[in-house]
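Trainee: For reference, this is model_21.cif, and it has mmCIF, C-alpha atoms.
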data_start
loop_
_atom_site.label_atom_id
_atom_site.label_comp_id
_atom_site.auth_asym_id
_atom_site.auth_seq_id
_atom_site.Cartn_x
_atom_site.Cartn_y
_atom_site.Cartn_z
CA MET P 435 39.74 98.62 44.85
CA THR P 436 39.37 101.89 46.74
CA TYR P 437 38.58 99.83 49.84
CA MET P 438 41.89 97.97 49.47
CA ILE P 439 43.63 101.33 49.25
CA GLU P 440 41.76 102.53 52.36
CA PHE P 441 42.55 99.28 54.19
CA THR P 442 46.24 99.90 53.44
CA ALA P 443 45.94 103.55 54.53
CA GLY P 444 44.32 102.44 57.81
CA ALA P 445 46.96 99.78 58.42
CA LEU P 446 49.72 102.33 57.75
CA TRP P 447 47.98 104.92 59.95
CA GLY P 448 47.91 102.31 62.75
CA TRP P 449 51.60 101.53 62.30
CA LEU P 450 52.42 105.25 62.52
CA TYR P 451 50.33 105.52 65.70
CA GLU P 452 52.08 102.50 67.26
CA GLU P 453 55.50 103.89 66.40
CA ALA P 454 54.58 107.31 67.83
CA VAL P 455 53.42 105.70 71.09
CA GLU P 456 56.63 103.67 71.25
CA LEU P 457 58.68 106.81 70.71
CA VAL P 458 56.81 108.77 73.40
CA VAL P 459 56.57 105.98 75.99
CA ASN P 460 59.90 104.18 75.50
CA HIS P 461 61.88 106.96 73.77
CA GLY P 462 62.90 104.75 70.88
CA TYR P 463 61.95 102.83 67.78
CA ALA P 464 60.51 99.33 67.91
CA ASP P 465 59.04 97.71 64.83
CA ARG P 466 55.50 97.24 66.13
CA GLY P 467 54.05 95.34 63.21
CA ILE P 468 54.11 91.64 62.43
CA LEU P 469 54.58 92.25 58.71
CA HIS P 470 57.74 93.38 56.96
CA MET P 471 55.90 96.39 55.54
CA PRO P 472 54.93 99.25 57.84
CA LEU P 473 51.34 98.02 58.17
CA ILE P 474 49.36 96.70 61.12
CA PRO P 475 46.39 94.78 59.71
CA ILE P 476 44.09 95.07 62.74
CA TYR P 477 44.00 98.84 62.15
CA GLY P 478 43.08 98.29 58.50
CA PHE P 479 40.26 95.96 59.55
CA GLY P 480 39.18 98.43 62.25
CA CYS P 481 39.03 101.23 59.68
CA MET P 482 36.96 99.04 57.36
CA LEU P 483 34.57 98.26 60.23
CA LEU P 484 34.19 101.96 61.01
CA LEU P 485 33.61 102.79 57.34
CA LEU P 486 30.88 100.17 57.27
CA ILE P 487 29.27 101.58 60.43
CA TYR P 488 29.43 105.24 59.34
CA ARG P 489 28.75 104.80 55.61
CA LYS P 490 25.11 105.89 55.49
CA LYS P 491 25.28 109.28 57.19
CA GLU P 492 27.64 112.15 57.89
CA TYR P 493 28.48 112.29 61.60
CA SER P 494 30.09 115.09 63.59
CA ALA P 495 33.66 114.71 64.83
CA PRO P 496 32.60 114.47 68.52
CA VAL P 497 30.12 111.68 67.73
CA ILE P 498 32.75 109.80 65.72
CA PHE P 499 35.33 110.31 68.47
CA VAL P 500 33.17 108.92 71.29
CA SER P 501 31.50 106.10 69.37
CA SER P 502 34.75 105.03 67.68
CA ALA P 503 36.57 104.98 71.01
CA ILE P 504 33.92 102.59 72.33
CA ILE P 505 33.80 100.44 69.17
CA THR P 506 37.58 100.12 68.78
CA THR P 507 38.07 99.40 72.48
CA ALA P 508 35.48 96.61 72.27
CA LEU P 509 37.23 95.29 69.14
CA GLU P 510 40.60 95.36 70.91
CA LEU P 511 39.24 93.57 73.98
CA ILE P 512 37.47 90.90 71.93
CA ALA P 513 40.49 90.38 69.64
CA SER P 514 42.89 90.11 72.58
CA TYR P 515 41.60 86.70 73.71
CA PRO P 516 42.00 84.70 70.48
CA LEU P 517 45.26 86.51 69.69
CA GLU P 518 46.64 85.54 73.09
CA MET P 519 45.56 81.92 72.53
CA ILE P 520 47.10 81.78 69.05
CA LEU P 521 50.33 83.64 69.82
CA GLY P 522 50.80 82.38 73.38
CA GLU P 523 51.00 85.93 74.68
CA LEU P 524 49.16 89.21 74.40
CA PRO P 525 50.67 91.27 71.54
CA TRP P 526 50.22 94.43 73.63
CA ASN P 527 50.09 95.18 77.32
CA TYR P 528 48.59 98.27 78.91
CA GLY P 529 49.34 96.93 82.40
CA ALA P 530 51.50 99.95 83.25
CA TRP P 531 48.95 102.43 81.88
CA PRO P 532 46.42 103.92 84.29
CA LEU P 533 42.78 102.82 84.11
CA ASN P 534 43.44 99.54 82.28
CA TYR P 535 41.60 96.23 82.32
CA GLN P 536 43.89 93.16 82.50
CA GLY P 537 46.42 95.06 80.39
CA ARG P 538 44.14 94.43 77.37
CA ILE P 539 42.48 97.86 77.14
CA SER P 540 42.94 101.23 78.81
CA LEU P 541 41.18 104.56 78.91
CA ILE P 542 44.18 106.33 77.39
CA SER P 543 44.39 103.95 74.42
CA SER P 544 40.62 104.21 73.97
CA LEU P 545 40.85 107.99 73.74
CA LEU P 546 43.76 107.72 71.31
CA PHE P 547 41.78 105.26 69.16
CA GLY P 548 38.88 107.71 69.11
CA LEU P 549 41.26 110.40 67.89
CA ILE P 550 42.82 108.13 65.27
CA ALA P 551 39.39 107.10 63.98
CA THR P 552 38.22 110.71 63.80
CA VAL P 553 41.29 111.76 61.81
CA PHE P 554 40.91 108.74 59.53
CA LEU P 555 37.19 109.27 58.86
CA LYS P 556 37.32 113.06 58.57
CA LEU P 557 40.65 113.52 56.73
CA ILE P 558 42.07 110.34 55.23
CA HIS P 559 38.84 108.69 54.06
CA PRO P 560 37.65 111.76 52.09
CA GLN P 561 41.02 111.88 50.32
CA CYS P 562 40.76 108.19 49.44
CA ARG P 563 37.22 108.76 48.10
CA LYS P 564 38.69 111.21 45.59
CA LEU P 565 40.22 108.16 43.93
CA GLU P 566 36.75 107.38 42.60
CA ASN P 567 37.31 110.27 40.16
CA ALA P 568 40.71 108.94 39.08
CA PRO P 569 41.04 106.84 35.95
CA PRO P 570 39.85 103.31 36.81
CA ALA P 571 43.10 101.78 35.55
CA ILE P 572 45.06 103.70 38.20
CA VAL P 573 42.72 102.73 41.04
CA ILE P 574 42.63 99.07 39.96
CA THR P 575 46.41 98.95 39.56
CA LEU P 576 47.01 100.52 42.99
CA GLY P 577 44.46 98.22 44.64
CA ILE P 578 46.01 95.13 43.06
CA ILE P 579 49.55 96.20 43.99
CA PHE P 580 48.51 96.83 47.62
CA ALA P 581 46.56 93.56 47.81
CA PHE P 582 49.39 91.46 46.37
CA ALA P 583 52.03 93.19 48.51
CA PHE P 584 49.95 92.55 51.63
CA ILE P 585 49.25 88.91 50.72
CA ILE P 586 52.89 88.19 49.82
CA ASP P 587 54.19 89.85 53.00
CA ALA P 588 51.67 87.97 55.17
CA GLY P 589 52.62 84.75 53.39
CA PHE P 590 56.29 85.23 54.21
CA VAL P 591 55.46 86.04 57.84
CA PHE P 592 53.07 83.15 58.44
CA PHE P 593 54.45 80.47 56.10
CA GLY P 594 58.13 81.34 56.08
#
Before anything else, please render the file you have as C-alpha cells.
Mentor:
Amino acid sequence: MTYMIEFTAGALWGWLYEEAVELVVNHGYADRGILHMPLIPIYGFGCMLLLLIYRKKEYSAPVIFVSSAIITTALELIASYPLEMILGELPWNYGAWPLNYQGRISLISSLLFGLIATVFLKLIHPQCRKLENAPPAIVITLGIIFAFAFIIDAGFVFFG
C-alpha cells in the first residue's frame, strides 16, 4: 500500500509541476490534469518506474538528475505517440520551447524532469518510506482510499 501512496504523491507532484509551469509560462491557472483530482497519472507511473530502477542502491543526486532526465524524456517521447493516436492530439506541445523535437520533448522539460525526479527520490520517497513504521491499519486504509479515489475519478472521466 505504500506504493499506492507514493504513486499518488508522484501524480500530485506532477500536477503541481504542471501548474507551476502554466503559471510561469502563461501567467495563469489551467487545470492540467485529465482527472477531477489534482493528479496526473503519468507522473505517478514515472515515479514508480524510477523507484523500480533505483531500488537496489543509493545514488547521488547528480546521477539521479542526469539519468532521470534521460529516462523520463524517453518515457515522454514514447508515450506521446500512442497518446496522440488515442486522443487525436498531443496532450502537450513544446513547439514554442527552444531545443525541442516535434513539440514532444525539449531540453528544458528534460532538465525540469530531472529536477522533479531528484526531489521526489531524495525528499518525498524517504518520507513515504517512513510509513512502513506506521501502524499497518493506517497504511492500508490510506492506500485503499487513494486507490479507490483514483479508480472512481478515472471511471468518471473515461466512462462518464
Trainee: From the set P:Ile539, P:Ile585, P:Met471, P:Val455, which residue has the shortest atom-to-atom contact distance to P:Tyr515, counting all atoms listed in the file?
Mentor: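 Among the listed residues, P:Ile539 lies closest to P:Tyr515.
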Trainee: When you count only C-alpha atoms, which of these residues is closest to P:Leu446: P:Tyr488, P:Phe584, P:Phe499, P:Tyr535?
Mentor: P:Phe584
Trainee: Looking at P:Ser494, P:Thr507, P:Ser514, P:Thr575, which one is nearest to P:Ser543, with distances taken over all atoms listed in the file?
Mentor: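 Looking at the shortest contact to P:Ser543, the residue is P:Thr507.
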Trainee: Please enumerate the residues selected by the PyMOL selection byres ((chain P and resi 547) around 12) when evaluated against the supplied file, formatted as a ChimeraX atom specification.
Mentor: /P:444,447-448,451-452,455,477,480-481,484,498-510,539-546,548-555
Trainee: Could you work out how far atom CA of P:Ile558 lies from atom CA of P:Phe580, giving the answer in Å with one decimal?
Mentor: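 That distance, rounded to one decimal, is 16.8 Å.
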Trainee: Taking all atoms listed in the file into account, name the residue in P:Ala445, P:Pro525, P:Lys556, P:Gly462 that is nearest to P:Val497.
Mentor: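 Among P:Ala445, P:Pro525, P:Lys556, P:Gly462, it is P:Lys556 that comes nearest to P:Val497.
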Trainee: I'd like to know which of P:Leu521, P:Ala443, P:Ile578, P:Leu511 is closest to P:Ile468, using all atoms listed in the file.
Mentor: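 Closest residue, counting all atoms listed in the file: P:Leu521.
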Trainee: Please determine, counting all atoms listed in the file, which residue among P:Val459, P:Ala513, P:Tyr437, P:Thr442 has the shortest atom-to-atom distance to P:Leu486.
Mentor: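 Between P:Val459, P:Ala513, P:Tyr437, P:Thr442, the residue approaching P:Leu486 most closely is P:Tyr437.
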Trainee: Since fewer atoms than expected are present, regenerate N, CA and C atoms for stretch 506-534 of chain P and write them as a PDB file, keeping the file's coordinate frame.
Mentor:
ATOM      1  N   THR P 506      36.229 100.656  68.934  1.00  0.00           N
ATOM      2  CA  THR P 506      37.580 100.120  68.780  1.00  0.00           C
ATOM      3  C   THR P 506      38.096  99.487  70.070  1.00  0.00           C
ATOM      4  N   THR P 507      37.675 100.005  71.202  1.00  0.00           N
ATOM      5  CA  THR P 507      38.070  99.400  72.480  1.00  0.00           C
ATOM      6  C   THR P 507      37.422  98.025  72.622  1.00  0.00           C
ATOM      7  N   ALA P 508      36.155  97.918  72.245  1.00  0.00           N
ATOM      8  CA  ALA P 508      35.480  96.610  72.270  1.00  0.00           C
ATOM      9  C   ALA P 508      36.168  95.648  71.313  1.00  0.00           C
ATOM     10  N   LEU P 509      36.527  96.129  70.121  1.00  0.00           N
ATOM     11  CA  LEU P 509      37.230  95.290  69.140  1.00  0.00           C
ATOM     12  C   LEU P 509      38.576  94.823  69.707  1.00  0.00           C
ATOM     13  N   GLU P 510      39.304  95.724  70.334  1.00  0.00           N
ATOM     14  CA  GLU P 510      40.600  95.360  70.910  1.00  0.00           C
ATOM     15  C   GLU P 510      40.448  94.332  72.027  1.00  0.00           C
ATOM     16  N   LEU P 511      39.469  94.518  72.885  1.00  0.00           N
ATOM     17  CA  LEU P 511      39.240  93.570  73.980  1.00  0.00           C
ATOM     18  C   LEU P 511      38.859  92.202  73.433  1.00  0.00           C
ATOM     19  N   ILE P 512      37.921  92.169  72.509  1.00  0.00           N
ATOM     20  CA  ILE P 512      37.470  90.900  71.930  1.00  0.00           C
ATOM     21  C   ILE P 512      38.612  90.205  71.192  1.00  0.00           C
ATOM     22  N   ALA P 513      39.382  90.964  70.415  1.00  0.00           N
ATOM     23  CA  ALA P 513      40.490  90.380  69.640  1.00  0.00           C
ATOM     24  C   ALA P 513      41.624  89.897  70.535  1.00  0.00           C
ATOM     25  N   SER P 514      41.762  90.464  71.725  1.00  0.00           N
ATOM     26  CA  SER P 514      42.890  90.110  72.580  1.00  0.00           C
ATOM     27  C   SER P 514      42.860  88.641  73.014  1.00  0.00           C
ATOM     28  N   TYR P 515      41.694  88.078  73.226  1.00  0.00           N
ATOM     29  CA  TYR P 515      41.600  86.700  73.710  1.00  0.00           C
ATOM     30  C   TYR P 515      42.049  85.666  72.678  1.00  0.00           C
ATOM     31  N   PRO P 516      41.499  85.684  71.452  1.00  0.00           N
ATOM     32  CA  PRO P 516      42.000  84.700  70.480  1.00  0.00           C
ATOM     33  C   PRO P 516      43.456  84.952  70.081  1.00  0.00           C
ATOM     34  N   LEU P 517      43.870  86.236  70.018  1.00  0.00           N
ATOM     35  CA  LEU P 517      45.260  86.510  69.690  1.00  0.00           C
ATOM     36  C   LEU P 517      46.205  85.957  70.756  1.00  0.00           C
ATOM     37  N   GLU P 518      45.827  86.084  72.006  1.00  0.00           N
ATOM     38  CA  GLU P 518      46.640  85.540  73.090  1.00  0.00           C
ATOM     39  C   GLU P 518      46.703  84.014  73.007  1.00  0.00           C
ATOM     40  N   MET P 519      45.573  83.392  72.675  1.00  0.00           N
ATOM     41  CA  MET P 519      45.560  81.920  72.530  1.00  0.00           C
ATOM     42  C   MET P 519      46.440  81.480  71.368  1.00  0.00           C
ATOM     43  N   ILE P 520      46.345  82.161  70.249  1.00  0.00           N
ATOM     44  CA  ILE P 520      47.100  81.780  69.050  1.00  0.00           C
ATOM     45  C   ILE P 520      48.588  82.053  69.214  1.00  0.00           C
ATOM     46  N   LEU P 521      48.925  83.226  69.727  1.00  0.00           N
ATOM     47  CA  LEU P 521      50.330  83.640  69.820  1.00  0.00           C
ATOM     48  C   LEU P 521      51.011  83.198  71.115  1.00  0.00           C
ATOM     49  N   GLY P 522      50.219  82.788  72.111  1.00  0.00           N
ATOM     50  CA  GLY P 522      50.800  82.380  73.380  1.00  0.00           C
ATOM     51  C   GLY P 522      51.063  83.532  74.327  1.00  0.00           C
ATOM     52  N   GLU P 523      50.839  84.739  73.859  1.00  0.00           N
ATOM     53  CA  GLU P 523      51.000  85.930  74.680  1.00  0.00           C
ATOM     54  C   GLU P 523      50.170  87.052  74.072  1.00  0.00           C
ATOM     55  N   LEU P 524      49.897  88.052  74.873  1.00  0.00           N
ATOM     56  CA  LEU P 524      49.160  89.210  74.400  1.00  0.00           C
ATOM     57  C   LEU P 524      50.106  90.093  73.605  1.00  0.00           C
ATOM     58  N   PRO P 525      49.751  90.463  72.361  1.00  0.00           N
ATOM     59  CA  PRO P 525      50.670  91.270  71.540  1.00  0.00           C
ATOM     60  C   PRO P 525      50.871  92.693  72.069  1.00  0.00           C
ATOM     61  N   TRP P 526      50.069  93.129  72.998  1.00  0.00           N
ATOM     62  CA  TRP P 526      50.220  94.430  73.630  1.00  0.00           C
ATOM     63  C   TRP P 526      49.916  94.280  75.108  1.00  0.00           C
ATOM     64  N   ASN P 527      50.360  95.245  75.886  1.00  0.00           N
ATOM     65  CA  ASN P 527      50.090  95.180  77.320  1.00  0.00           C
ATOM     66  C   ASN P 527      50.000  96.599  77.874  1.00  0.00           C
ATOM     67  N   TYR P 528      48.803  96.960  78.308  1.00  0.00           N
ATOM     68  CA  TYR P 528      48.590  98.270  78.910  1.00  0.00           C
ATOM     69  C   TYR P 528      48.671  98.192  80.438  1.00  0.00           C
ATOM     70  N   GLY P 529      49.278  97.137  80.956  1.00  0.00           N
ATOM     71  CA  GLY P 529      49.340  96.930  82.400  1.00  0.00           C
ATOM     72  C   GLY P 529      49.931  98.102  83.166  1.00  0.00           C
ATOM     73  N   ALA P 530      50.872  98.815  82.573  1.00  0.00           N
ATOM     74  CA  ALA P 530      51.500  99.950  83.250  1.00  0.00           C
ATOM     75  C   ALA P 530      50.735 101.250  83.036  1.00  0.00           C
ATOM     76  N   TRP P 531      49.732 101.228  82.166  1.00  0.00           N
ATOM     77  CA  TRP P 531      48.950 102.430  81.880  1.00  0.00           C
ATOM     78  C   TRP P 531      47.844 102.555  82.930  1.00  0.00           C
ATOM     79  N   PRO P 532      47.520 103.767  83.328  1.00  0.00           N
ATOM     80  CA  PRO P 532      46.420 103.920  84.290  1.00  0.00           C
ATOM     81  C   PRO P 532      45.072 103.547  83.656  1.00  0.00           C
ATOM     82  N   LEU P 533      44.143 103.140  84.513  1.00  0.00           N
ATOM     83  CA  LEU P 533      42.780 102.820  84.110  1.00  0.00           C
ATOM     84  C   LEU P 533      42.740 101.767  82.996  1.00  0.00           C
ATOM     85  N   ASN P 534      43.425 100.634  83.253  1.00  0.00           N
ATOM     86  CA  ASN P 534      43.440  99.540  82.280  1.00  0.00           C
ATOM     87  C   ASN P 534      42.653  98.358  82.828  1.00  0.00           C
TER      88      ASN P 534
END
